[in-house]
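final31.cif follows; it contains mmCIF, C-alpha atoms.
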data_protein
#
loop_
_atom_site.label_atom_id
_atom_site.label_comp_id
_atom_site.auth_asym_id
_atom_site.auth_seq_id
_atom_site.Cartn_x
_atom_site.Cartn_y
_atom_site.Cartn_z
CA MET X 1 7.99 -17.30 -20.39
CA ASP X 2 7.89 -17.00 -24.17
CA VAL X 3 8.99 -14.04 -26.28
CA LYS X 4 5.47 -12.57 -26.46
CA GLN X 5 5.11 -12.57 -22.68
CA VAL X 6 8.53 -10.98 -22.25
CA ARG X 7 7.56 -8.28 -24.75
CA ASN X 8 4.20 -7.65 -23.11
CA THR X 9 5.76 -7.49 -19.65
CA ALA X 10 8.28 -4.95 -20.97
CA LEU X 11 5.39 -2.86 -22.35
CA LEU X 12 3.69 -2.85 -18.96
CA VAL X 13 6.92 -1.84 -17.24
CA LEU X 14 7.21 0.99 -19.77
CA SER X 15 3.63 2.07 -19.01
CA ALA X 16 4.47 2.02 -15.29
CA LEU X 17 7.48 4.24 -16.03
CA VAL X 18 5.28 6.68 -17.97
CA TRP X 19 2.75 6.80 -15.12
CA GLY X 20 5.47 7.13 -12.47
CA LEU X 21 7.04 10.12 -14.23
CA ALA X 22 3.59 11.69 -14.42
CA PHE X 23 3.68 12.31 -10.65
CA ALA X 24 6.62 14.69 -11.18
CA ALA X 25 4.76 16.37 -14.07
CA GLN X 26 1.63 16.76 -11.93
CA SER X 27 3.69 18.26 -9.13
CA VAL X 28 5.23 20.80 -11.52
CA GLY X 29 1.86 21.58 -13.10
CA SER X 30 0.27 22.23 -9.69
CA GLY X 31 2.62 25.19 -9.30
CA TYR X 32 1.00 26.92 -12.29
CA VAL X 33 -2.68 25.96 -12.40
CA GLU X 34 -5.29 24.69 -9.98
CA ALA X 35 -6.40 21.08 -9.83
CA TYR X 36 -9.55 21.13 -11.97
CA THR X 37 -7.88 23.25 -14.65
CA PHE X 38 -4.97 20.83 -14.90
CA LEU X 39 -7.31 17.84 -14.95
CA ALA X 40 -9.57 19.38 -17.61
CA CYS X 41 -6.65 20.18 -19.92
CA ARG X 42 -5.01 16.76 -19.64
CA SER X 43 -8.34 14.93 -20.01
CA TRP X 44 -9.35 16.77 -23.21
CA LEU X 45 -5.90 15.97 -24.64
CA ALA X 46 -6.43 12.31 -23.74
CA CYS X 47 -9.82 12.37 -25.49
CA GLY X 48 -8.24 13.75 -28.65
CA PHE X 49 -5.53 11.12 -28.61
CA LEU X 50 -8.04 8.29 -28.09
CA VAL X 51 -10.32 9.57 -30.88
CA VAL X 52 -7.39 9.52 -33.30
CA LEU X 53 -6.32 6.08 -32.05
CA LEU X 54 -9.86 4.72 -32.44
CA LEU X 55 -10.23 6.07 -35.99
CA VAL X 56 -6.82 4.77 -37.09
CA ARG X 57 -7.44 1.36 -35.57
CA ARG X 58 -10.88 1.03 -37.16
CA ARG X 59 -9.51 2.04 -40.57
CA LEU X 60 -6.73 -0.55 -40.29
CA ALA X 61 -9.22 -3.20 -39.15
CA ALA X 62 -11.57 -2.38 -42.03
CA GLY X 63 -8.72 -2.62 -44.52
CA ARG X 64 -7.72 -6.04 -43.21
CA ASN X 65 -11.34 -7.16 -42.68
CA VAL X 66 -10.56 -7.95 -39.04
CA ARG X 67 -13.42 -8.86 -36.74
CA PRO X 68 -13.82 -6.98 -33.42
CA ALA X 69 -11.91 -8.59 -30.55
CA VAL X 70 -14.93 -8.14 -28.25
CA THR X 71 -18.43 -9.44 -28.94
CA PRO X 72 -20.70 -6.39 -29.31
CA ALA X 73 -22.72 -5.77 -26.13
CA ALA X 74 -26.15 -4.17 -25.82
CA PRO X 75 -26.29 -0.64 -27.23
CA GLY X 76 -25.33 1.89 -24.61
CA THR X 77 -23.28 -0.50 -22.48
CA ALA X 78 -19.99 1.17 -23.40
CA LEU X 79 -21.47 4.62 -22.81
CA ARG X 80 -23.02 3.65 -19.48
CA GLY X 81 -19.85 1.94 -18.33
CA GLY X 82 -17.67 4.81 -19.52
CA VAL X 83 -19.77 7.39 -17.66
CA LEU X 84 -19.66 5.40 -14.41
CA CYS X 85 -15.92 4.77 -14.72
CA GLY X 86 -15.38 8.40 -15.67
CA ILE X 87 -17.18 9.73 -12.59
CA PHE X 88 -14.87 7.79 -10.28
CA LEU X 89 -11.82 8.54 -12.42
CA PHE X 90 -12.66 12.26 -12.18
CA ALA X 91 -13.09 12.16 -8.41
CA ALA X 92 -9.91 10.12 -7.87
CA SER X 93 -7.81 12.25 -10.23
CA ALA X 94 -9.10 15.50 -8.72
CA ALA X 95 -8.26 14.36 -5.19
CA GLN X 96 -4.81 13.28 -6.36
CA GLN X 97 -4.08 16.54 -8.20
CA MET X 98 -5.17 18.62 -5.21
CA ALA X 99 -2.68 16.80 -3.00
CA VAL X 100 0.26 16.02 -5.28
CA GLY X 101 1.78 19.49 -5.08
CA GLU X 102 1.75 19.46 -1.27
CA VAL X 103 3.56 16.16 -0.62
CA SER X 104 6.59 14.45 -2.14
CA THR X 105 6.06 12.46 -5.32
CA ALA X 106 7.22 9.35 -3.47
CA LYS X 107 4.49 9.75 -0.86
CA ALA X 108 1.88 10.58 -3.53
CA SER X 109 2.77 7.58 -5.68
CA PHE X 110 2.90 5.06 -2.83
CA LEU X 111 -0.32 6.25 -1.18
CA THR X 112 -2.09 6.17 -4.55
CA ALA X 113 -0.78 2.66 -5.22
CA LEU X 114 -2.67 1.39 -2.17
CA TYR X 115 -5.59 0.86 -4.58
CA VAL X 116 -3.95 -2.49 -5.36
CA VAL X 117 -4.60 -3.58 -1.77
CA LEU X 118 -8.03 -1.93 -1.62
CA VAL X 119 -9.41 -3.55 -4.81
CA PRO X 120 -9.78 -7.06 -3.33
CA VAL X 121 -10.99 -5.58 -0.02
CA CYS X 122 -13.71 -3.57 -1.82
CA GLY X 123 -14.61 -6.78 -3.65
CA ILE X 124 -16.15 -8.02 -0.39
CA PHE X 125 -19.15 -5.74 -1.05
CA LEU X 126 -19.60 -7.51 -4.39
CA GLY X 127 -19.70 -10.92 -2.75
CA ARG X 128 -16.07 -11.77 -3.46
CA ARG X 129 -14.15 -13.30 -0.58
CA PRO X 130 -10.52 -12.12 -0.70
CA ASP X 131 -7.61 -14.43 0.00
CA ARG X 132 -6.72 -14.49 3.71
CA ARG X 133 -3.24 -13.24 2.85
CA ILE X 134 -4.81 -9.97 1.71
CA TRP X 135 -5.39 -9.04 5.36
CA LEU X 136 -1.66 -9.42 6.02
CA CYS X 137 -1.04 -7.05 3.12
CA VAL X 138 -3.54 -4.57 4.58
CA ALA X 139 -1.74 -4.69 7.94
CA ALA X 140 1.63 -4.22 6.22
CA SER X 141 0.32 -1.28 4.22
CA VAL X 142 -1.02 0.39 7.38
CA ALA X 143 2.38 -0.07 9.05
CA GLY X 144 4.09 1.35 5.97
CA LEU X 145 1.63 4.25 5.95
CA TYR X 146 2.58 5.04 9.55
CA LEU X 147 6.31 5.03 8.74
CA LEU X 148 5.83 7.12 5.60
CA CYS X 149 3.42 9.73 6.94
CA MET X 150 3.45 9.83 10.75
CA ALA X 151 6.66 8.42 12.25
CA GLY X 152 8.80 11.14 13.83
CA HIS X 153 6.01 13.74 13.73
CA ASP X 154 4.55 15.47 16.78
CA THR X 155 1.05 14.36 15.84
CA LEU X 156 -0.28 10.96 14.81
CA SER X 157 -2.90 12.44 12.51
CA LEU X 158 -2.66 12.45 8.74
CA THR X 159 -2.47 15.76 6.91
CA VAL X 160 -5.35 16.87 4.70
CA SER X 161 -3.24 16.13 1.59
CA GLU X 162 -2.45 12.60 2.81
CA LEU X 163 -6.14 11.98 3.50
CA LYS X 164 -6.95 13.16 -0.03
CA LEU X 165 -4.46 10.64 -1.42
CA LEU X 166 -6.02 7.84 0.62
CA LEU X 167 -9.43 8.88 -0.71
CA CYS X 168 -7.88 8.88 -4.19
CA ALA X 169 -6.69 5.28 -3.69
CA LEU X 170 -10.18 4.21 -2.57
CA LEU X 171 -11.84 5.92 -5.55
CA PHE X 172 -9.34 4.35 -7.94
CA ALA X 173 -10.13 0.94 -6.42
CA VAL X 174 -13.83 1.41 -7.23
CA GLN X 175 -12.97 2.66 -10.72
CA ILE X 176 -10.79 -0.42 -11.34
CA LEU X 177 -13.62 -2.73 -10.25
CA LEU X 178 -15.98 -0.93 -12.65
CA VAL X 179 -13.47 -1.22 -15.50
CA GLY X 180 -13.07 -4.91 -14.70
CA HIS X 181 -16.85 -5.33 -14.93
CA TYR X 182 -17.36 -3.49 -18.23
CA SER X 183 -14.11 -4.05 -20.17
CA PRO X 184 -14.85 -7.70 -21.16
CA LYS X 185 -18.16 -6.58 -22.68
CA VAL X 186 -17.07 -3.60 -24.81
CA ASP X 187 -14.18 -2.24 -26.81
CA GLY X 188 -11.47 -1.13 -24.39
CA VAL X 189 -10.43 2.01 -26.25
CA LEU X 190 -14.06 3.09 -26.68
CA LEU X 191 -14.68 2.54 -22.97
CA SER X 192 -11.60 4.62 -22.19
CA LEU X 193 -12.76 7.40 -24.54
CA TYR X 194 -16.16 7.66 -22.82
CA GLN X 195 -14.40 7.53 -19.47
CA PHE X 196 -12.04 10.41 -20.30
CA LEU X 197 -14.86 12.35 -21.98
CA THR X 198 -16.85 12.16 -18.74
CA THR X 199 -13.80 13.24 -16.75
CA SER X 200 -13.21 16.12 -19.18
CA VAL X 201 -16.76 17.44 -18.92
CA LEU X 202 -16.91 17.19 -15.13
CA SER X 203 -13.50 18.78 -14.58
CA THR X 204 -14.36 21.60 -17.01
CA VAL X 205 -17.61 22.32 -15.15
CA PHE X 206 -15.84 22.39 -11.78
CA MET X 207 -13.01 24.45 -13.26
CA PHE X 208 -15.37 27.26 -14.27
CA LEU X 209 -17.45 26.99 -11.07
CA THR X 210 -14.61 27.00 -8.53
CA GLU X 211 -11.45 28.27 -10.25
CA HIS X 212 -10.26 31.13 -12.42
CA PRO X 213 -8.37 29.55 -15.34
CA ASP X 214 -5.76 31.80 -16.88
CA TRP X 215 -4.30 31.13 -20.33
CA GLN X 216 -0.82 32.32 -19.34
CA GLN X 217 -0.78 29.96 -16.37
CA ILE X 218 -1.97 27.11 -18.59
CA LYS X 219 0.88 27.87 -21.00
CA GLY X 220 3.30 27.80 -18.07
CA ALA X 221 2.10 24.30 -17.21
CA GLY X 222 2.04 23.32 -20.90
CA ILE X 223 4.78 20.69 -20.86
CA ALA X 224 3.36 19.02 -17.75
CA ILE X 225 -0.16 19.04 -19.24
CA LEU X 226 1.06 17.64 -22.57
CA TYR X 227 2.97 14.86 -20.81
CA CYS X 228 0.05 13.87 -18.58
CA GLY X 229 -2.56 14.20 -21.32
CA ILE X 230 -0.83 12.48 -24.23
CA LEU X 231 1.81 10.23 -22.69
CA SER X 232 0.37 9.32 -19.28
CA SER X 233 -3.32 9.09 -20.24
CA GLY X 234 -3.07 8.29 -23.96
CA VAL X 235 0.11 6.32 -24.60
CA GLY X 236 0.26 4.77 -21.12
CA TYR X 237 -3.25 3.37 -21.45
CA THR X 238 -2.54 2.04 -24.95
CA LEU X 239 0.59 0.28 -23.72
CA GLN X 240 -1.47 -1.25 -20.92
CA ILE X 241 -4.09 -2.58 -23.37
CA ILE X 242 -1.44 -4.18 -25.59
CA GLY X 243 0.68 -5.44 -22.70
CA GLN X 244 -2.12 -7.18 -20.81
CA ARG X 245 -3.21 -9.30 -23.80
CA GLY X 246 -2.48 -12.91 -23.05
CA LEU X 247 -0.33 -12.06 -20.03
CA ASP X 248 -0.74 -13.68 -16.63
CA PRO X 249 -2.71 -11.19 -14.45
CA THR X 250 -0.26 -11.58 -11.56
CA ILE X 251 2.72 -10.72 -13.76
CA ALA X 252 0.78 -7.77 -15.20
CA SER X 253 -0.07 -6.45 -11.74
CA LEU X 254 3.51 -6.81 -10.53
CA ALA X 255 4.80 -4.91 -13.56
CA MET X 256 2.32 -2.07 -13.06
CA CYS X 257 3.16 -1.91 -9.34
CA LEU X 258 6.49 -0.42 -10.38
CA GLU X 259 4.60 2.85 -10.98
CA SER X 260 5.08 3.75 -7.30
CA VAL X 261 8.81 3.04 -7.45
CA PHE X 262 9.23 5.11 -10.62
CA GLY X 263 7.22 7.90 -9.01
CA ALA X 264 9.60 8.02 -6.05
CA LEU X 265 12.65 7.92 -8.33
CA ALA X 266 11.21 10.71 -10.48
CA GLY X 267 10.80 12.94 -7.44
CA TRP X 268 14.41 12.28 -6.41
CA ALA X 269 15.99 12.59 -9.87
CA LEU X 270 13.89 15.39 -11.40
CA LEU X 271 12.71 17.44 -8.43
CA GLY X 272 15.51 16.87 -5.92
CA GLN X 273 13.15 15.42 -3.31
CA LYS X 274 14.65 13.23 -0.58
CA LEU X 275 13.23 10.71 1.85
CA SER X 276 14.45 9.89 5.35
CA PRO X 277 15.50 6.30 6.15
CA VAL X 278 12.22 5.81 8.06
CA GLU X 279 10.18 7.07 5.09
CA ILE X 280 12.13 4.78 2.74
CA ALA X 281 11.33 1.86 5.08
CA GLY X 282 7.65 2.87 4.86
CA CYS X 283 7.83 2.89 1.06
CA LEU X 284 9.44 -0.56 1.01
CA LEU X 285 6.83 -1.96 3.39
CA MET X 286 3.98 -0.52 1.36
CA PHE X 287 5.50 -1.82 -1.87
CA ALA X 288 5.79 -5.27 -0.28
CA ALA X 289 2.09 -5.05 0.63
CA ILE X 290 1.21 -4.06 -2.93
CA VAL X 291 3.22 -6.92 -4.44
CA GLY X 292 1.86 -9.36 -1.86
CA SER X 293 -1.72 -8.39 -2.63
CA THR X 294 -1.25 -8.93 -6.36
CA LEU X 295 0.30 -12.35 -5.74
CA ALA X 296 -2.51 -13.36 -3.38
CA THR X 297 -5.18 -12.07 -5.77
CA GLY X 298 -3.54 -13.82 -8.72
CA ARG X 299 -3.32 -17.13 -6.87
CA SER X 300 -6.90 -17.00 -5.65
CA SER X 301 -8.11 -16.18 -9.20
CA ALA X 302 -6.14 -19.11 -10.57
CA ALA X 303 -7.60 -21.38 -7.88
CA ARG X 304 -11.16 -20.29 -8.76
CA LYS X 305 -10.55 -20.98 -12.45
CA GLU X 306 -9.09 -24.41 -11.64
CA SER X 307 -12.02 -25.33 -9.40
CA ALA X 308 -14.48 -24.16 -12.06
CA ALA X 309 -12.82 -26.19 -14.81
CA PRO X 310 -14.50 -29.51 -15.70
CA ASP X 311 -12.83 -32.70 -14.43
CA LYS X 312 -11.28 -34.31 -17.50
CA THR X 313 -10.24 -37.46 -15.66
CA SER X 314 -13.80 -38.75 -15.20
#
Kindly transcribe the structure held in the file into structure tokens.
Amino acid sequence: MDVKQVRNTALLVLSALVWGLAFAAQSVGSGYVEAYTFLACRSWLACGFLVVLLLVRRRLAAGRNVRPAVTPAAPGTALRGGVLCGIFLFAASAAQQMAVGEVSTAKASFLTALYVVLVPVCGIFLGRRPDRRIWLCVAASVAGLYLLCMAGHDTLSLTVSELKLLLCALLFAVQILLVGHYSPKVDGVLLSLYQFLTTSVLSTVFMFLTEHPDWQQIKGAGIAILYCGILSSGVGYTLQIIGQRGLDPTIASLAMCLESVFGALAGWALLGQKLSPVEIAGCLLMFAAIVGSTLATGRSSAARKESAAPDKTS
């Protein structure tokens, strides 16, 4: 691995740390404001950050006469893709924010991270056949889910909050597939801006329809909102864009998987949350499933590229 790959991997690990700490911030923020209010505030902050980033980057590119990294697509493609991605990002983020204050950050982060396993499974509906090892990862994640959420309890049913987090993981899986479809065609930061703008508008509408936002409560959650809006959504996404350039997808996925580990550590270090040995075993099993799914997906992608490459020996 050369210096550039080491640097880019470090950037992705840093973005995973930023996202992992966001679970603690979301948990704190949920004690002050309701879900849609928190989501609206952080999303508008993210929009502002991305607008500034886009303007600065375009000015620098114009000064250096740098060509766009992405071939311009048909007009409206970025907007259409951003709106679609934003709808699923809104739904996933809302489900997550509704649940994050009612469960430990470790449980929230690991259940959310199941999207890594669900992405290749959802790909079946798009005609993509996942690697057979993915099904082993699915079985491992279900076993980990049992240890984390149900072992030792009087009932074998999931709580409403845990079901919301599973729904969140599924919605994030769809959102990731949509981003993967549109991101090669349009500017990544512009796509993200439209995505967060859609999330901002939808969360603001639902905030006024279903909640009673209070300025004093918003001020109380100010630090958490600032962290999630600027650092988690703005800086974290920027680090991801830079870090994934030229980096092996499997290495990138493994680095970003650390988000769940950092989320659990944040709950322990910042909020004093503890896990039982059985719950820790569930976390480890789910993390193994997440890592295994990224390895299997990476290998199958590499195999497809190799089979599609022309035979140079003939």
- Task: Given the file shown, enumerate the residues that the PyMOL selection byres ((chain X and resi 80) around 12) captures and present them as number ranges by chain.
- Result: X: 73-79, 81-87, 178-179, 181-183, 185-186, 190-192, 194-195, 198
Restrict the selected residues to C-alpha atoms and save them as a PDB file, keeping the file's coordinate frame.
ATOM      1  CA  ALA X  73     -22.720  -5.770 -26.130  1.00  0.00           C
ATOM      2  CA  ALA X  74     -26.150  -4.170 -25.820  1.00  0.00           C
ATOM      3  CA  PRO X  75     -26.290  -0.640 -27.230  1.00  0.00           C
ATOM      4  CA  GLY X  76     -25.330   1.890 -24.610  1.00  0.00           C
ATOM      5  CA  THR X  77     -23.280  -0.500 -22.480  1.00  0.00           C
ATOM      6  CA  ALA X  78     -19.990   1.170 -23.400  1.00  0.00           C
ATOM      7  CA  LEU X  79     -21.470   4.620 -22.810  1.00  0.00           C
ATOM      8  CA  GLY X  81     -19.850   1.940 -18.330  1.00  0.00           C
ATOM      9  CA  GLY X  82     -17.670   4.810 -19.520  1.00  0.00           C
ATOM     10  CA  VAL X  83     -19.770   7.390 -17.660  1.00  0.00           C
ATOM     11  CA  LEU X  84     -19.660   5.400 -14.410  1.00  0.00           C
ATOM     12  CA  CYS X  85     -15.920   4.770 -14.720  1.00  0.00           C
ATOM     13  CA  GLY X  86     -15.380   8.400 -15.670  1.00  0.00           C
ATOM     14  CA  ILE X  87     -17.180   9.730 -12.590  1.00  0.00           C
ATOM     15  CA  LEU X 178     -15.980  -0.930 -12.650  1.00  0.00           C
ATOM     16  CA  VAL X 179     -13.470  -1.220 -15.500  1.00  0.00           C
ATOM     17  CA  HIS X 181     -16.850  -5.330 -14.930  1.00  0.00           C
ATOM     18  CA  TYR X 182     -17.360  -3.490 -18.230  1.00  0.00           C
ATOM     19  CA  SER X 183     -14.110  -4.050 -20.170  1.00  0.00           C
ATOM     20  CA  LYS X 185     -18.160  -6.580 -22.680  1.00  0.00           C
ATOM     21  CA  VAL X 186     -17.070  -3.600 -24.810  1.00  0.00           C
ATOM     22  CA  LEU X 190     -14.060   3.090 -26.680  1.00  0.00           C
ATOM     23  CA  LEU X 191     -14.680   2.540 -22.970  1.00  0.00           C
ATOM     24  CA  SER X 192     -11.600   4.620 -22.190  1.00  0.00           C
ATOM     25  CA  TYR X 194     -16.160   7.660 -22.820  1.00  0.00           C
ATOM     26  CA  GLN X 195     -14.400   7.530 -19.470  1.00  0.00           C
ATOM     27  CA  THR X 198     -16.850  12.160 -18.740  1.00  0.00           C
TER      28      THR X 198
END
- Message: Between CA of Val174 (chain X) and CA of Phe88 (chain X), what is the distance in Å, rounded to a tenth?
- Response: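 CA of Phe88 (chain X) lies 7.1 Å from CA of Val174 (chain X).
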- CA of Ala173 (chain X) to CA of Leu126 (chain X) measures 12.9 Å
- Within 7 Å of Val278 (chain X), counting only C-alpha atoms, which residues qualify if same-chain residues fewer than 4 places away don't, as a VMD selection string? chain X and resid 147 to 148 282
- Item | Top pick for closest residue to Ser161 (chain X), considering X:Leu295, X:Ala95, X:Leu53, X:Ala140 and counting only C-alpha atoms |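 Checking each candidate against Ser161 (chain X), we get X:Ala95 as the closest.
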- Test item: the PyMOL selection byres ((chain X and resi 255) around 9) resolved as a PyMOL selection string: chain X and resi 9-10+12-16+250-254+256-259
- Kindly indicate which residue among X:Val116, X:Asp187, X:Ser109, X:Gly180 lies nearest to Leu17 (chain X), using only C-alpha atoms for the distances.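 Nearest candidate to Leu17 (chain X) out of X:Val116, X:Asp187, X:Ser109, X:Gly180: X:Ser109.
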- Pick from X:Val189, X:Gln273, X:Ser260, X:Ile223, whichever lies nearest to Phe49 (chain X) using only C-alpha atoms: X:Val189
- Expected selection from the PyMOL selection byres ((chain X and resi 168) around 9), given as a VMD selection string: chain X and resid 91 to 96 111 to 112 115 163 to 167 169 to 173
I need the chosen residues saved as a PDB file, keeping the file's coordinate frame, with C-alpha atoms.
ATOM      1  CA  ALA X  91     -13.090  12.160  -8.410  1.00  0.00           C
ATOM      2  CA  ALA X  92      -9.910  10.120  -7.870  1.00  0.00           C
ATOM      3  CA  SER X  93      -7.810  12.250 -10.230  1.00  0.00           C
ATOM      4  CA  ALA X  94      -9.100  15.500  -8.720  1.00  0.00           C
ATOM      5  CA  ALA X  95      -8.260  14.360  -5.190  1.00  0.00           C
ATOM      6  CA  GLN X  96      -4.810  13.280  -6.360  1.00  0.00           C
ATOM      7  CA  LEU X 111      -0.320   6.250  -1.180  1.00  0.00           C
ATOM      8  CA  THR X 112      -2.090   6.170  -4.550  1.00  0.00           C
ATOM      9  CA  TYR X 115      -5.590   0.860  -4.580  1.00  0.00           C
ATOM     10  CA  LEU X 163      -6.140  11.980   3.500  1.00  0.00           C
ATOM     11  CA  LYS X 164      -6.950  13.160  -0.030  1.00  0.00           C
ATOM     12  CA  LEU X 165      -4.460  10.640  -1.420  1.00  0.00           C
ATOM     13  CA  LEU X 166      -6.020   7.840   0.620  1.00  0.00           C
ATOM     14  CA  LEU X 167      -9.430   8.880  -0.710  1.00  0.00           C
ATOM     15  CA  ALA X 169      -6.690   5.280  -3.690  1.00  0.00           C
ATOM     16  CA  LEU X 170     -10.180   4.210  -2.570  1.00  0.00           C
ATOM     17  CA  LEU X 171     -11.840   5.920  -5.550  1.00  0.00           C
ATOM     18  CA  PHE X 172      -9.340   4.350  -7.940  1.00  0.00           C
ATOM     19  CA  ALA X 173     -10.130   0.940  -6.420  1.00  0.00           C
TER      20      ALA X 173
END
- Message: Please list as a PyMOL selection string every residue within 6 Å of Gly243 (chain X), counting only C-alpha atoms and excluding residues in the same chain fewer than 4 positions away.
- Response: chain X and resi 8+11-12+239
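Pairwise distance (CA of Tyr32 (chain X), CA of Glu102 (chain X)) equals 13.3 Å.
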Centre and edge lengths, as lines of an AutoDock Vina configuration file, for the axis-aligned box enclosing every listed atom of region 49-57 of chain X with 3 Å of padding on each of the six sides, in Å to one decimal?
center_x = -7.9
center_y = 6.2
center_z = -32.6
size_x = 10.8
size_y = 15.8
size_z = 15.0
- Message: When you count all atoms listed in the file, which of these residues is closest to Thr238 (chain X): X:Val119, X:Asp214, X:Leu193, X:Gly272?
- Response: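 Ranked by minimum distance to Thr238 (chain X), first place goes to X:Leu193.
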- Counting all atoms listed in the file, figure out which residue out of X:Ala143, X:Ala22, X:Leu55, X:Val33 gets nearest to Met207 (chain X).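 Among the listed residues, the smallest separation from Met207 (chain X) belongs to X:Val33.
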Which polymer residues have any atom within 10 Å of an atom of Ile280 (chain X), counting all atoms listed in the file, with same-chain residues fewer than 4 positions away left out, as an mmCIF file with C-alpha atoms, keeping the file's coordinate frame?
data_model
loop_
_atom_site.group_PDB
_atom_site.id
_atom_site.type_symbol
_atom_site.label_atom_id
_atom_site.label_comp_id
_atom_site.auth_asym_id
_atom_site.auth_seq_id
_atom_site.Cartn_x
_atom_site.Cartn_y
_atom_site.Cartn_z
ATOM 1 C CA ALA X 106 7.220 9.350 -3.470
ATOM 2 C CA LYS X 107 4.490 9.750 -0.860
ATOM 3 C CA GLY X 144 4.090 1.350 5.970
ATOM 4 C CA LEU X 147 6.310 5.030 8.740
ATOM 5 C CA LEU X 148 5.830 7.120 5.600
ATOM 6 C CA ALA X 264 9.600 8.020 -6.050
ATOM 7 C CA LYS X 274 14.650 13.230 -0.580
ATOM 8 C CA LEU X 275 13.230 10.710 1.850
ATOM 9 C CA SER X 276 14.450 9.890 5.350
ATOM 10 C CA LEU X 284 9.440 -0.560 1.010
ATOM 11 C CA LEU X 285 6.830 -1.960 3.390
ATOM 12 C CA MET X 286 3.980 -0.520 1.360
#
Complete region 50-63 of chain X at the level of N, CA and C atoms, written as a CSV table (one decimal), in the frame of the given file.
chain,number,residue,atom,x,y,z
X,50,LEU,N,-7.3,9.5,-28.0
X,50,LEU,CA,-8.0,8.3,-28.1
X,50,LEU,C,-9.0,8.3,-29.3
X,51,VAL,N,-9.5,9.5,-29.7
X,51,VAL,CA,-10.3,9.6,-30.9
X,51,VAL,C,-9.5,9.2,-32.1
X,52,VAL,N,-8.3,9.8,-32.2
X,52,VAL,CA,-7.4,9.5,-33.3
X,52,VAL,C,-7.0,8.0,-33.3
X,53,LEU,N,-6.7,7.5,-32.1
X,53,LEU,CA,-6.3,6.1,-32.0
X,53,LEU,C,-7.5,5.2,-32.5
X,54,LEU,N,-8.7,5.5,-32.1
X,54,LEU,CA,-9.9,4.7,-32.4
X,54,LEU,C,-10.1,4.8,-33.9
X,55,LEU,N,-10.0,5.9,-34.5
X,55,LEU,CA,-10.2,6.1,-36.0
X,55,LEU,C,-9.2,5.3,-36.8
X,56,VAL,N,-7.9,5.5,-36.4
X,56,VAL,CA,-6.8,4.8,-37.1
X,56,VAL,C,-7.0,3.3,-37.0
X,57,ARG,N,-7.3,2.8,-35.8
X,57,ARG,CA,-7.4,1.4,-35.6
X,57,ARG,C,-8.6,0.8,-36.4
X,58,ARG,N,-9.7,1.5,-36.4
X,58,ARG,CA,-10.9,1.0,-37.2
X,58,ARG,C,-10.6,1.0,-38.7
X,59,ARG,N,-9.9,2.0,-39.1
X,59,ARG,CA,-9.5,2.0,-40.6
X,59,ARG,C,-8.6,0.9,-40.9
X,60,LEU,N,-7.6,0.6,-40.0
X,60,LEU,CA,-6.7,-0.6,-40.3
X,60,LEU,C,-7.5,-1.9,-40.2
X,61,ALA,N,-8.4,-2.0,-39.3
X,61,ALA,CA,-9.2,-3.2,-39.2
X,61,ALA,C,-10.1,-3.4,-40.4
X,62,ALA,N,-10.7,-2.3,-40.9
X,62,ALA,CA,-11.6,-2.4,-42.0
X,62,ALA,C,-10.8,-2.8,-43.3
X,63,GLY,N,-9.5,-2.3,-43.4
X,63,GLY,CA,-8.7,-2.6,-44.5
X,63,GLY,C,-8.3,-4.1,-44.5
